[in-house]
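Chemist: Please find my_file-v1.cif (mmCIF, C-alpha atoms) on the next line:
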data_protein
#
loop_
_atom_site.label_atom_id
_atom_site.label_comp_id
_atom_site.auth_asym_id
_atom_site.auth_seq_id
_atom_site.Cartn_x
_atom_site.Cartn_y
_atom_site.Cartn_z
CA MET A 13 0.00 0.00 0.00
CA ALA A 14 1.38 3.37 -0.96
CA ARG A 15 1.90 5.93 1.72
CA ALA A 16 0.74 9.51 1.67
CA PRO A 17 3.52 12.04 0.96
CA ARG A 18 5.53 12.90 4.03
CA ARG A 19 4.54 16.25 5.45
CA LEU A 20 6.85 18.88 6.95
CA PRO A 21 6.28 20.04 10.53
CA TRP A 22 3.56 22.68 10.59
CA VAL A 23 5.99 25.52 11.21
CA ALA A 24 8.43 24.50 8.50
CA GLY A 25 5.93 24.67 5.63
CA PRO A 26 5.02 28.36 5.96
CA VAL A 27 8.65 29.34 6.56
CA LEU A 28 9.83 27.52 3.44
CA LEU A 29 6.93 28.93 1.46
CA ALA A 30 7.83 32.45 2.55
CA LEU A 31 11.50 31.93 1.69
CA ALA A 32 10.57 30.48 -1.68
CA GLY A 33 8.25 33.39 -2.33
CA VAL A 34 10.97 35.93 -1.53
CA ALA A 35 13.51 34.09 -3.65
CA ILE A 36 11.26 33.82 -6.67
CA GLY A 37 10.02 37.34 -6.11
CA LEU A 38 13.62 38.51 -6.45
CA VAL A 39 13.90 36.51 -9.65
CA ALA A 40 10.73 38.05 -10.96
CA THR A 41 11.77 41.61 -10.18
CA ARG A 42 15.12 41.25 -11.88
CA GLY A 43 13.58 39.63 -14.89
CA THR A 44 12.52 41.41 -18.04
CA THR A 45 9.56 40.54 -20.18
CA THR A 46 8.72 41.03 -23.80
CA THR A 47 5.25 40.26 -24.96
CA ARG A 48 3.85 40.67 -28.43
CA HIS A 49 0.43 40.23 -29.81
CA THR A 50 -1.95 42.05 -32.04
CA SER A 51 -4.71 42.84 -29.68
CA ALA A 52 -8.29 43.32 -30.74
CA PRO A 53 -10.06 43.13 -27.41
CA THR A 54 -13.37 41.40 -27.38
CA ARG A 55 -15.73 41.03 -24.50
CA PRO A 56 -18.00 38.07 -23.94
CA SER A 57 -21.57 39.04 -24.52
CA SER A 58 -23.53 39.35 -21.34
CA ALA A 59 -27.20 38.59 -21.48
CA ALA A 60 -29.53 39.65 -18.74
CA SER A 61 -29.14 37.27 -15.88
CA LEU A 62 -31.95 35.72 -13.97
CA SER A 63 -32.14 35.45 -10.25
CA GLN A 64 -31.79 31.77 -9.42
CA SER A 65 -30.45 29.62 -6.66
CA PRO A 66 -26.65 29.59 -6.61
CA VAL A 67 -24.97 26.99 -8.78
CA PRO A 68 -22.42 24.62 -7.28
CA SER A 69 -18.75 25.57 -7.42
CA PRO A 70 -16.20 23.70 -9.52
CA LEU A 71 -14.55 20.85 -7.71
CA ILE A 72 -11.04 21.87 -8.71
CA ASN A 73 -9.75 25.34 -7.82
CA ALA A 74 -7.43 26.17 -10.71
CA ALA A 75 -6.19 29.28 -8.91
CA VAL A 76 -4.36 27.36 -6.21
CA ASP A 77 -4.33 23.71 -7.23
CA ALA A 78 -1.85 22.00 -9.49
CA VAL A 79 -3.74 20.15 -12.19
CA ASP A 80 -2.54 17.18 -14.23
CA ASP A 81 -4.20 15.18 -16.96
CA VAL A 82 -4.65 11.54 -16.02
CA GLY A 83 -5.46 8.39 -17.89
CA GLY A 84 -7.15 5.52 -16.14
CA MET A 85 -8.71 2.12 -16.33
CA ALA A 86 -11.35 0.28 -14.34
CA LEU A 87 -13.12 -3.06 -14.25
CA VAL A 88 -16.79 -2.65 -13.44
CA GLN A 89 -18.31 -5.77 -11.90
CA PHE A 90 -21.99 -6.30 -11.14
CA THR A 91 -23.41 -8.67 -8.54
CA PRO A 92 -25.43 -10.37 -9.81
CA GLY A 93 -24.45 -9.87 -13.42
CA SER A 94 -21.56 -9.35 -15.74
CA HIS A 95 -18.67 -6.91 -16.02
CA PHE A 96 -17.04 -4.51 -18.45
CA ASP A 97 -13.83 -2.51 -18.78
CA VAL A 98 -13.63 1.23 -19.20
CA ALA A 99 -10.72 3.60 -19.65
CA ALA A 100 -9.74 7.25 -19.83
CA THR A 101 -7.13 7.92 -22.47
CA ALA A 102 -4.88 10.82 -23.33
CA ALA A 103 -7.43 11.85 -25.95
CA ALA A 104 -10.10 12.25 -23.28
CA PRO A 105 -8.21 12.45 -20.01
CA GLY A 106 -9.41 12.93 -16.48
CA ARG A 107 -7.93 15.48 -14.12
CA LEU A 108 -5.97 15.06 -10.93
CA ALA A 109 -5.48 18.12 -8.75
CA VAL A 110 -3.27 18.59 -5.71
CA ASP A 111 -3.59 21.55 -3.39
CA PRO A 112 -0.70 23.21 -1.52
CA HIS A 113 -1.40 21.00 1.49
CA GLY A 114 -0.96 17.84 -0.55
CA ARG A 115 -4.63 16.95 -0.72
CA ILE A 116 -5.63 15.14 -3.90
CA ILE A 117 -8.81 15.66 -5.92
CA VAL A 118 -9.75 13.46 -8.85
CA GLN A 119 -12.25 14.01 -11.60
CA VAL A 120 -12.29 11.30 -14.21
CA SER A 121 -14.76 9.76 -16.62
CA MET A 122 -13.88 6.40 -18.11
CA THR A 123 -15.72 4.94 -21.10
CA ASN A 124 -15.57 2.13 -23.64
CA ALA A 125 -16.66 1.54 -27.22
CA SER A 126 -20.11 0.40 -26.12
CA GLY A 127 -20.76 3.73 -24.45
CA ASP A 128 -20.55 2.45 -20.89
CA VAL A 129 -19.40 5.09 -18.42
CA LEU A 130 -17.84 5.15 -14.95
CA SER A 131 -17.15 8.56 -13.42
CA ILE A 132 -15.47 9.38 -10.12
CA ALA A 133 -15.03 12.87 -8.72
CA GLY A 134 -14.00 14.15 -5.34
CA PRO A 135 -11.28 14.15 -2.72
CA ALA A 136 -8.93 11.17 -2.75
CA ALA A 137 -7.09 10.05 0.37
CA VAL A 138 -5.99 6.61 1.47
CA GLY A 139 -9.00 5.10 3.18
CA THR A 140 -12.70 5.31 2.41
CA GLU A 141 -14.32 8.45 1.00
CA THR A 142 -18.08 8.69 1.30
CA ALA A 143 -18.52 12.12 -0.29
CA ASP A 144 -17.07 11.34 -3.71
CA GLN A 145 -19.43 11.53 -6.65
CA VAL A 146 -19.76 8.27 -8.52
CA SER A 147 -21.90 7.74 -11.59
CA LEU A 148 -22.30 4.78 -13.90
CA LEU A 149 -24.03 3.86 -17.13
CA ASP A 150 -24.31 0.25 -18.26
CA THR A 151 -25.69 0.41 -21.78
CA ALA A 152 -26.38 -3.32 -21.98
CA THR A 153 -28.86 -3.33 -19.12
CA GLY A 154 -29.76 0.34 -18.97
CA LEU A 155 -28.56 0.53 -15.38
CA THR A 156 -27.69 4.04 -14.31
CA LEU A 157 -26.18 5.02 -10.98
CA ASP A 158 -25.58 8.49 -9.60
CA SER A 159 -24.51 9.12 -6.03
CA THR A 160 -25.77 12.71 -6.30
CA GLN A 161 -29.27 11.36 -6.94
CA GLY A 162 -29.59 8.98 -4.04
CA ASP A 163 -27.56 5.94 -5.02
CA SER A 164 -25.23 4.74 -2.28
CA CYS A 165 -21.55 4.82 -3.25
CA THR A 166 -18.18 4.93 -1.52
CA VAL A 167 -14.65 4.94 -2.86
CA THR A 168 -11.84 3.19 -1.02
CA TYR A 169 -8.43 4.54 -1.98
CA THR A 170 -5.28 2.47 -1.54
CA ARG A 171 -3.05 5.07 -3.16
CA ALA A 172 -3.60 8.81 -3.48
CA GLU A 173 -0.70 10.96 -4.56
CA GLU A 174 0.18 13.26 -7.42
CA ALA A 175 1.93 10.48 -9.30
CA GLY A 176 -1.16 8.31 -9.35
CA VAL A 177 -4.30 7.13 -7.64
CA GLN A 178 -5.66 3.66 -7.07
CA GLY A 179 -8.83 2.47 -5.40
CA THR A 180 -12.17 0.74 -5.67
CA ALA A 181 -15.60 2.28 -6.09
CA HIS A 182 -18.51 0.48 -4.43
CA CYS A 183 -22.15 1.23 -5.18
CA SER A 184 -25.47 -0.37 -4.50
CA THR A 185 -28.88 0.32 -5.93
CA ARG A 186 -32.29 -1.24 -6.25
CA THR A 187 -33.82 -1.83 -9.65
CA GLY A 188 -37.07 -3.34 -10.79
CA LYS A 189 -35.26 -6.69 -10.77
CA GLY A 190 -33.87 -6.38 -7.25
CA ALA A 191 -30.73 -5.15 -5.53
CA ILE A 192 -27.52 -4.77 -7.47
CA THR A 193 -24.06 -4.06 -6.13
CA VAL A 194 -21.24 -2.66 -8.21
CA THR A 195 -17.54 -3.02 -7.47
CA ALA A 196 -15.09 -1.16 -9.68
CA PRO A 197 -11.36 -1.31 -8.96
CA PHE A 198 -9.59 1.48 -10.86
CA ARG A 199 -6.19 3.04 -11.40
CA LEU A 200 -5.34 6.57 -12.52
CA PHE A 201 -1.94 7.64 -13.83
CA LEU A 202 -0.38 10.82 -15.18
CA THR A 203 -0.44 11.42 -18.90
CA THR A 204 1.54 14.67 -18.80
CA GLY A 205 4.48 16.10 -16.94
CA MET B 23 -64.13 -2.49 -60.08
CA SER B 24 -65.41 -5.78 -58.73
CA THR B 25 -66.43 -6.33 -55.13
CA ARG B 26 -63.60 -8.86 -54.70
CA MET B 27 -61.05 -6.27 -55.93
CA LEU B 28 -62.44 -3.63 -53.58
CA ILE B 29 -62.14 -6.04 -50.66
CA SER B 30 -58.53 -6.82 -51.63
CA LEU B 31 -57.65 -3.13 -51.82
CA ALA B 32 -59.30 -2.49 -48.47
CA THR B 33 -57.34 -5.35 -46.93
CA VAL B 34 -54.05 -4.01 -48.29
CA ALA B 35 -54.88 -0.50 -47.06
CA ALA B 36 -55.74 -1.79 -43.60
CA ALA B 37 -52.51 -3.76 -43.42
CA ALA B 38 -50.50 -0.71 -44.49
CA ALA B 39 -52.20 1.38 -41.81
CA VAL B 40 -51.01 -1.09 -39.19
CA VAL B 41 -47.45 -1.36 -40.47
CA VAL B 42 -46.74 2.31 -41.21
CA PRO B 43 -47.09 4.73 -38.32
CA ALA B 44 -48.95 7.95 -38.89
CA PHE B 45 -45.68 9.89 -38.38
CA PRO B 46 -42.76 7.84 -39.69
CA GLY B 47 -39.83 7.74 -37.21
CA VAL B 48 -41.93 8.79 -34.23
CA ALA B 49 -42.97 5.81 -32.16
CA ALA B 50 -45.17 6.23 -29.15
CA PRO B 51 -43.34 5.69 -25.86
CA SER B 52 -44.10 2.42 -24.17
CA GLY B 53 -43.18 0.48 -21.08
CA GLY B 54 -43.12 1.74 -17.54
CA CYS B 55 -45.20 0.16 -14.79
CA SER B 56 -48.44 2.03 -14.38
CA TYR B 57 -49.24 0.67 -10.91
CA PRO B 58 -49.02 2.20 -8.40
CA PRO B 59 -49.98 5.39 -10.27
CA ASN B 60 -46.72 7.25 -9.65
CA LYS B 61 -45.48 9.89 -12.06
CA PRO B 62 -42.63 8.92 -14.38
CA VAL B 63 -39.13 9.96 -13.35
CA LEU B 64 -36.57 11.38 -15.77
CA THR B 65 -32.95 11.54 -14.58
CA LEU B 66 -29.91 13.27 -16.04
CA THR B 67 -26.29 12.63 -15.07
CA ALA B 68 -23.19 14.26 -16.49
CA SER B 69 -20.01 12.20 -16.58
CA SER B 70 -18.20 15.26 -15.28
CA THR B 71 -19.49 18.54 -13.93
CA THR B 72 -16.25 20.34 -14.76
CA VAL B 73 -14.63 19.99 -18.15
CA VAL B 74 -11.95 21.85 -20.03
CA ALA B 75 -13.23 23.52 -23.18
CA SER B 76 -12.77 21.15 -26.12
CA GLN B 77 -13.09 18.05 -23.95
CA SER B 78 -16.06 15.79 -24.54
CA LEU B 79 -18.74 15.21 -21.97
CA THR B 80 -21.11 12.25 -21.75
CA VAL B 81 -24.56 12.78 -20.36
CA PHE B 82 -26.93 9.96 -19.65
CA GLY B 83 -30.06 9.14 -17.77
CA LYS B 84 -33.17 7.07 -17.60
CA PHE B 85 -36.92 7.55 -18.05
CA THR B 86 -38.83 5.23 -15.74
CA GLN B 87 -42.12 4.68 -14.04
CA ASN B 88 -41.99 2.65 -10.85
CA ASN B 89 -38.45 1.56 -11.78
CA CYS B 90 -39.62 0.21 -15.15
CA GLY B 91 -37.95 1.73 -18.19
CA ILE B 92 -40.01 3.68 -20.71
CA SER B 93 -38.76 3.00 -24.22
CA ASP B 94 -39.04 5.01 -27.46
CA ALA B 95 -39.63 8.22 -25.55
CA SER B 96 -38.51 11.36 -27.38
CA LEU B 97 -36.51 13.70 -25.13
CA SER B 98 -35.37 17.26 -25.73
CA TYR B 99 -31.79 17.72 -24.54
CA GLN B 100 -31.55 21.36 -23.51
CA ARG B 101 -28.98 23.89 -22.31
CA ARG B 102 -29.20 27.29 -20.68
CA ALA B 103 -26.20 29.59 -20.43
CA LEU B 104 -24.66 30.58 -17.14
CA VAL B 105 -23.40 34.17 -17.15
CA ASN B 106 -21.49 35.31 -14.10
CA GLY B 107 -22.62 32.14 -12.39
CA LYS B 108 -26.31 32.76 -12.93
CA PRO B 109 -28.76 31.23 -15.38
CA SER B 110 -29.24 33.52 -18.36
CA GLY B 111 -31.81 33.41 -21.11
CA THR B 112 -34.09 30.57 -22.04
CA TRP B 113 -33.64 26.86 -22.51
CA HIS B 114 -32.50 25.86 -25.99
CA THR B 115 -32.93 22.36 -27.37
CA MET B 116 -29.59 21.07 -28.67
CA ARG B 117 -30.79 17.74 -29.97
CA THR B 118 -33.52 15.15 -29.62
CA LEU B 119 -32.75 11.85 -27.93
CA THR B 120 -34.77 8.64 -27.80
CA THR B 121 -34.79 6.23 -24.89
CA ASN B 122 -33.79 2.67 -25.72
CA SER B 123 -35.54 -0.57 -24.83
CA ASN B 124 -34.64 -0.26 -21.15
CA GLY B 125 -35.50 3.42 -20.88
CA SER B 126 -31.97 4.79 -20.81
CA TYR B 127 -30.37 7.34 -23.09
CA SER B 128 -26.96 8.92 -23.54
CA THR B 129 -25.15 11.38 -25.74
CA THR B 130 -21.84 13.23 -25.88
CA ARG B 131 -20.91 16.80 -26.69
CA ARG B 132 -18.20 19.39 -26.16
CA PRO B 133 -19.51 22.38 -24.24
CA LEU B 134 -17.61 25.65 -24.60
CA THR B 135 -19.03 27.78 -21.81
CA ASN B 136 -20.61 27.36 -18.40
CA GLU B 137 -24.15 26.10 -18.65
CA GLN B 138 -27.01 24.17 -17.17
CA GLU B 139 -28.47 21.14 -18.88
CA ARG B 140 -31.68 19.15 -18.62
CA THR B 141 -33.85 16.78 -20.61
CA VAL B 142 -37.57 17.18 -21.17
CA PHE B 143 -40.19 14.66 -22.18
CA THR B 144 -43.29 16.27 -23.66
CA HIS B 145 -46.61 14.53 -23.04
CA ALA B 146 -47.12 11.60 -25.40
CA GLY B 147 -49.07 8.40 -25.17
CA SER B 148 -50.11 7.82 -21.57
CA PHE B 149 -47.11 9.65 -20.09
CA PRO B 150 -47.26 13.24 -18.84
CA THR B 151 -44.69 15.96 -19.52
CA THR B 152 -41.66 15.23 -17.35
CA VAL B 153 -38.54 17.33 -16.74
CA SER B 154 -35.25 15.95 -15.46
CA ASN B 155 -33.07 17.38 -12.74
CA ILE B 156 -30.80 20.22 -13.81
CA VAL B 157 -27.06 19.60 -14.09
CA THR B 158 -24.55 22.44 -13.90
CA ILE B 159 -21.53 22.14 -16.17
CA HIS B 160 -18.46 24.25 -15.46
CA VAL B 161 -16.26 24.75 -18.50
CA ALA B 162 -12.71 25.86 -17.81
CA GLU B 163 -10.85 27.89 -20.39
CA HIS B 164 -8.30 25.73 -22.18
CA ILE B 165 -4.78 27.17 -22.31
CA SER B 166 -2.01 25.60 -24.32
CA ILE B 167 1.65 26.06 -23.36
CA ASN B 168 4.77 25.54 -25.46
CA PRO B 169 7.86 26.76 -23.59
CA THR B 170 11.47 26.82 -24.78
CA ALA B 171 14.60 27.82 -22.91
CA GLU B 172 16.59 30.36 -24.91
CA SER B 173 20.04 31.84 -24.54
CA ALA B 174 20.72 34.61 -22.03
CA CYS B 175 18.54 32.83 -19.47
CA ARG B 176 15.31 33.62 -21.25
CA ILE B 177 12.20 31.49 -21.39
CA HIS B 178 9.95 31.84 -24.40
CA ILE B 179 6.37 30.58 -24.28
CA THR B 180 3.72 30.49 -26.97
CA GLY B 181 0.20 29.16 -27.00
CA SER B 182 -3.44 30.14 -27.10
CA ASN B 183 -6.68 29.92 -25.22
CA TYR B 184 -9.94 28.20 -26.18
CA PRO B 185 -12.60 29.40 -26.62
CA ALA B 186 -10.44 32.01 -28.32
CA LYS B 187 -10.59 35.25 -26.35
CA ALA B 188 -8.45 38.32 -26.79
CA ASP B 189 -7.15 40.51 -23.98
CA ARG B 190 -7.15 37.73 -21.40
CA LYS B 191 -4.51 38.06 -18.70
CA LEU B 192 -2.37 34.95 -18.25
CA LEU B 193 -0.15 34.40 -15.24
CA ILE B 194 3.00 32.38 -15.83
CA GLN B 195 3.54 30.44 -12.62
CA ASN B 196 6.22 28.18 -11.20
CA ARG B 197 5.88 25.24 -8.82
CA GLY B 198 8.00 22.60 -7.13
CA PRO B 199 8.77 19.31 -8.83
CA SER B 200 6.15 16.63 -9.29
CA GLY B 201 5.16 15.16 -5.95
CA HIS B 202 6.36 18.28 -4.09
CA PHE B 203 3.72 20.90 -4.82
CA ASN B 204 3.67 23.76 -2.30
CA GLY B 205 1.69 26.29 -4.27
CA TRP B 206 2.16 28.52 -7.30
CA THR B 207 4.47 31.51 -7.57
CA THR B 208 3.73 34.00 -10.32
CA LEU B 209 6.83 34.89 -12.32
CA TRP B 210 5.32 37.20 -14.91
CA SER B 211 2.17 37.76 -16.93
CA THR B 212 1.05 38.31 -20.49
CA THR B 213 -2.20 38.83 -22.35
CA THR B 214 -3.75 37.09 -25.31
CA GLY B 215 -4.04 38.82 -28.65
CA SER B 216 -6.53 38.44 -31.43
CA GLY B 217 -7.50 34.84 -31.92
CA GLY B 218 -6.53 34.12 -28.33
CA SER B 219 -2.86 33.53 -29.08
CA TYR B 220 0.06 34.74 -27.02
CA SER B 221 3.83 34.83 -27.26
CA THR B 222 5.98 35.99 -24.40
CA THR B 223 9.64 35.97 -23.39
CA HIS B 224 11.01 36.56 -19.93
CA THR B 225 14.48 36.65 -18.43
CA VAL B 226 14.77 34.42 -15.39
CA ALA B 227 17.50 33.39 -12.98
CA CYS B 228 20.21 31.44 -14.75
CA ASN B 229 20.93 27.75 -14.26
CA LYS B 230 17.66 27.00 -12.53
CA THR B 231 14.92 24.50 -13.29
CA TYR B 232 11.38 25.73 -13.75
CA ASN B 233 8.07 23.88 -13.71
CA LEU B 234 5.66 26.21 -15.47
CA SER B 235 1.93 26.49 -15.95
CA LEU B 236 -0.31 29.32 -17.11
CA TYR B 237 -3.37 30.41 -15.18
CA THR B 238 -6.24 32.66 -16.16
CA SER B 239 -9.02 33.71 -13.85
CA ALA B 240 -12.69 33.07 -14.48
CA ASP B 241 -14.65 35.43 -16.67
CA SER B 242 -18.36 35.77 -17.20
CA THR B 243 -18.72 32.60 -19.24
CA ASN B 244 -15.85 30.27 -18.32
CA THR B 245 -14.36 29.10 -15.07
CA ALA B 246 -10.70 29.69 -14.30
CA GLY B 247 -8.33 27.81 -16.54
CA ARG B 248 -4.92 26.33 -16.02
CA SER B 249 -2.61 24.85 -18.62
CA ARG B 250 -0.78 21.61 -18.16
CA THR B 251 2.46 21.91 -16.23
CA VAL B 252 5.68 21.60 -18.15
CA PHE B 253 8.35 20.29 -15.83
CA GLY B 254 12.10 20.63 -16.06
CA ILE B 255 12.66 23.81 -18.10
CA LYS B 256 16.32 24.69 -17.47
CA SER B 257 17.45 28.25 -17.94
CA HIS B 258 20.91 28.69 -19.39
CA HIS B 259 23.36 31.39 -20.50
#
If you took the structure in this file and wrote it as structure tokens, what would it be?
Modeler:
Amino acid sequence: MARAPRRLPWVAGPVLLALAGVAIGLVATRGTTTTRHTSAPTRPSSAASLSQSPVPSPLINAAVDAVDDVGGMALVQFTPGSHFDVAATAAAPGRLAVDPHGRIIVQVSMTNASGDVLSIAGPAAVGTETADQVSLLDTATGLTLDSTQGDSCTVTYTRAEEAGVQGTAHCSTRTGKGAITVTAPFRLFLTTG
Amino acid sequence: MSTRMLISLATVAAAAAVVVPAFPGVAAPSGGCSYPPNKPVLTLTASSTTVVASQSLTVFGKFTQNNCGISDASLSYQRRALVNGKPSGTWHTMRTLTTNSNGSYSTTRRPLTNEQERTVFTHAGSFPTTVSNIVTIHVAEHISINPTAESACRIHITGSNYPAKADRKLLIQNRGPSGHFNGWTTLWSTTTGSGGSYSTTHTVACNKTYNLSLYTSADSTNTAGRSRTVFGIKSHH
């Protein structure tokens, strides 16, 4: 089992961050920049907005998080029932984000040629996450699962670091034909960097 | 025309009426379980609620009544723009989808800006008009990055944003090596020109290794974007 990245003592992190900031600040101030472009500013059109309930925020905060493209693969197994493989490729990658505290967030959608889908999104830490969003489409049976719409899902991570993530998604649901459980071991790996 | 011929023609006409629907290509929805008399349920799930512009998104769902799939139901797949985080304008139908034999449906597309999506079934057969849940899709601006280390300790970067937007401020930021991220430090900035392209050169400290990414803040129609990180750019004399 992979271990979480070793953390510095709580006082050392801010001190090193401050030193790094000063050092790079000095680099930035002594640097010179040349930028060229032919600018023809355009503004996005802004239609009248309607007053509605607030929309949810993006899962990944691009302002502070480091974001990498990830590929992935999973085996989706149904009990009772069959199984299928899905994958995320460099052509349609998922995203793995890490915040300055080392916390990992994944957002990946894996598919196959039949159109089956397994998506996982949320914080990833070694252990079991109950708040991650898991959704599934099995085109052969028409089974759909969505943890944001009442289906019960958890994700157990055995590895969660910037270099890669590994775990198993577990879901259960009730259909017209009875209860079905889904187990989907998966692995995510960097495609860039 | 003889009576026998008239009967034959009537028989053929009746058979044709059974075989050919009144509106070719539009079958009446069927299935579901009508007892107990619960309303049908239409669900919509997006494979990802945050995508980078140009990436594909799969949406899928199911039309059921009492957990029984409703097949051959015609659904309007609709979007409504989000401007400054708020719904703007009316719902527009992007395409029409049909549920399959088990009541499920799916489609893929590449959204360019923040939006809400839903599917709508309009009353047909014995089923009432049904609207799915609304899904919010955040679309981050895509930024490409192509850096090169030049002589005199300069780093040259070119690229563009998508959707193409001019006059967008891009921050060129540095980070620690992979596996040792402690936050971003902004080194310099540039702006995009017409067509969303940029080209910038900056003098940095010599003989150092940089791990660079570009960041742009959210605007009215896209969420904040960040390019991939290019690791190991070594400045040299």
Chemist: Compile the contact shell of A:Ala74 as a count of residues only: residues with an atom at most 9 Å away, counting only C-alpha atoms, same-chain residues fewer than 6 positions apart removed.
Modeler: 9
Chemist: For a quick test of understanding: name the residues of chain B lying within 7 Å of chain A when counting all atoms listed in the file, and present them as a PyMOL selection string.
Modeler: chain B and resi 67+69-70+72+77+83+89-90+105+107-111+124-126+158+160+187-189+201+203-207+209-210+212+214-216+220-227+237+246-248+250-253
Chemist: Which residues are close to B:Ala146, i.e. within 8 Å by all atoms listed in the file, leaving aside same-chain residues fewer than 4 positions away? Reply as a VMD selection string.
Modeler: chain B and resid 50 to 51 150 to 151
Chemist: For the provided coordinates, the residues matched by the PyMOL selection byres ((chain B and resi 121) around 7) should be stated as an MDAnalysis selection string.
Modeler: chainID B and resid 93:96 119:120 122:123 125:127
Chemist: Could you jot down the atom CA of B:Ile156 to atom CA of B:Arg140 separation for me, Å, one decimal place?
Modeler: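 Value for the atom CA of B:Ile156-atom CA of B:Arg140 distance: 5.0 Å.
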Chemist: Provide the atom CA of A:Ala181 to atom CA of A:Cys165 distance in Å, to one decimal place.
Modeler: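 Calculated distance between atom CA of A:Ala181 and atom CA of A:Cys165 is 7.1 Å.
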Chemist: Can you work out the spacing between atom CA of B:His202 and atom CA of A:Thr203 in Å, to one decimal?
Modeler: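 These two atoms are separated by 17.7 Å.
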Chemist: Carefully work through the PyMOL selection byres ((chain B and resi 118) around 6) for this structure and note down the residues it includes, as a PyMOL selection string.
Modeler: chain B and resi 97-99+117+119
Chemist: So, with all atoms listed in the file as the atoms that count, which of A:Ile117, A:Val194, A:Ala172, A:Leu87 lies closest to A:Ala143?
Modeler: A:Ile117
Chemist: When you get a chance, write out N, CA and C atoms for stretch 193-209 of chain B, as a PDB file, keeping the file's coordinate frame.
Modeler:
ATOM      1  N   LEU B 193      -1.253  34.385 -16.200  1.00  0.00           N
ATOM      2  CA  LEU B 193      -0.150  34.400 -15.240  1.00  0.00           C
ATOM      3  C   LEU B 193       0.752  33.212 -15.510  1.00  0.00           C
ATOM      4  N   ILE B 194       2.045  33.469 -15.660  1.00  0.00           N
ATOM      5  CA  ILE B 194       3.000  32.380 -15.830  1.00  0.00           C
ATOM      6  C   ILE B 194       3.527  32.033 -14.448  1.00  0.00           C
ATOM      7  N   GLN B 195       3.273  30.806 -14.006  1.00  0.00           N
ATOM      8  CA  GLN B 195       3.540  30.440 -12.620  1.00  0.00           C
ATOM      9  C   GLN B 195       4.475  29.237 -12.524  1.00  0.00           C
ATOM     10  N   ASN B 196       5.236  29.239 -11.443  1.00  0.00           N
ATOM     11  CA  ASN B 196       6.220  28.180 -11.200  1.00  0.00           C
ATOM     12  C   ASN B 196       5.814  27.368  -9.971  1.00  0.00           C
ATOM     13  N   ARG B 197       6.194  26.125  -9.943  1.00  0.00           N
ATOM     14  CA  ARG B 197       5.880  25.240  -8.820  1.00  0.00           C
ATOM     15  C   ARG B 197       7.059  24.320  -8.545  1.00  0.00           C
ATOM     16  N   GLY B 198       6.991  23.593  -7.451  1.00  0.00           N
ATOM     17  CA  GLY B 198       8.000  22.600  -7.130  1.00  0.00           C
ATOM     18  C   GLY B 198       7.877  21.401  -8.042  1.00  0.00           C
ATOM     19  N   PRO B 199       8.815  20.482  -7.958  1.00  0.00           N
ATOM     20  CA  PRO B 199       8.770  19.310  -8.830  1.00  0.00           C
ATOM     21  C   PRO B 199       7.567  18.413  -8.528  1.00  0.00           C
ATOM     22  N   SER B 200       7.288  17.524  -9.446  1.00  0.00           N
ATOM     23  CA  SER B 200       6.150  16.630  -9.290  1.00  0.00           C
ATOM     24  C   SER B 200       6.252  15.857  -7.978  1.00  0.00           C
ATOM     25  N   GLY B 201       5.169  15.815  -7.242  1.00  0.00           N
ATOM     26  CA  GLY B 201       5.160  15.160  -5.950  1.00  0.00           C
ATOM     27  C   GLY B 201       5.542  16.081  -4.800  1.00  0.00           C
ATOM     28  N   HIS B 202       5.942  17.314  -5.129  1.00  0.00           N
ATOM     29  CA  HIS B 202       6.360  18.280  -4.090  1.00  0.00           C
ATOM     30  C   HIS B 202       5.732  19.633  -4.391  1.00  0.00           C
ATOM     31  N   PHE B 203       4.423  19.653  -4.509  1.00  0.00           N
ATOM     32  CA  PHE B 203       3.720  20.900  -4.820  1.00  0.00           C
ATOM     33  C   PHE B 203       3.444  21.664  -3.524  1.00  0.00           C
ATOM     34  N   ASN B 204       3.919  22.914  -3.473  1.00  0.00           N
ATOM     35  CA  ASN B 204       3.670  23.760  -2.300  1.00  0.00           C
ATOM     36  C   ASN B 204       2.949  25.041  -2.669  1.00  0.00           C
ATOM     37  N   GLY B 205       2.385  25.091  -3.836  1.00  0.00           N
ATOM     38  CA  GLY B 205       1.690  26.290  -4.270  1.00  0.00           C
ATOM     39  C   GLY B 205       2.366  26.909  -5.483  1.00  0.00           C
ATOM     40  N   TRP B 206       1.672  27.869  -6.084  1.00  0.00           N
ATOM     41  CA  TRP B 206       2.160  28.520  -7.300  1.00  0.00           C
ATOM     42  C   TRP B 206       2.814  29.852  -6.967  1.00  0.00           C
ATOM     43  N   THR B 207       3.859  30.184  -7.670  1.00  0.00           N
ATOM     44  CA  THR B 207       4.470  31.510  -7.570  1.00  0.00           C
ATOM     45  C   THR B 207       4.440  32.147  -8.955  1.00  0.00           C
ATOM     46  N   THR B 208       3.830  33.322  -9.020  1.00  0.00           N
ATOM     47  CA  THR B 208       3.730  34.000 -10.320  1.00  0.00           C
ATOM     48  C   THR B 208       5.062  34.639 -10.676  1.00  0.00           C
ATOM     49  N   LEU B 209       5.563  34.332 -11.865  1.00  0.00           N
ATOM     50  CA  LEU B 209       6.830  34.890 -12.320  1.00  0.00           C
ATOM     51  C   LEU B 209       6.614  36.133 -13.184  1.00  0.00           C
TER      52      LEU B 209
END
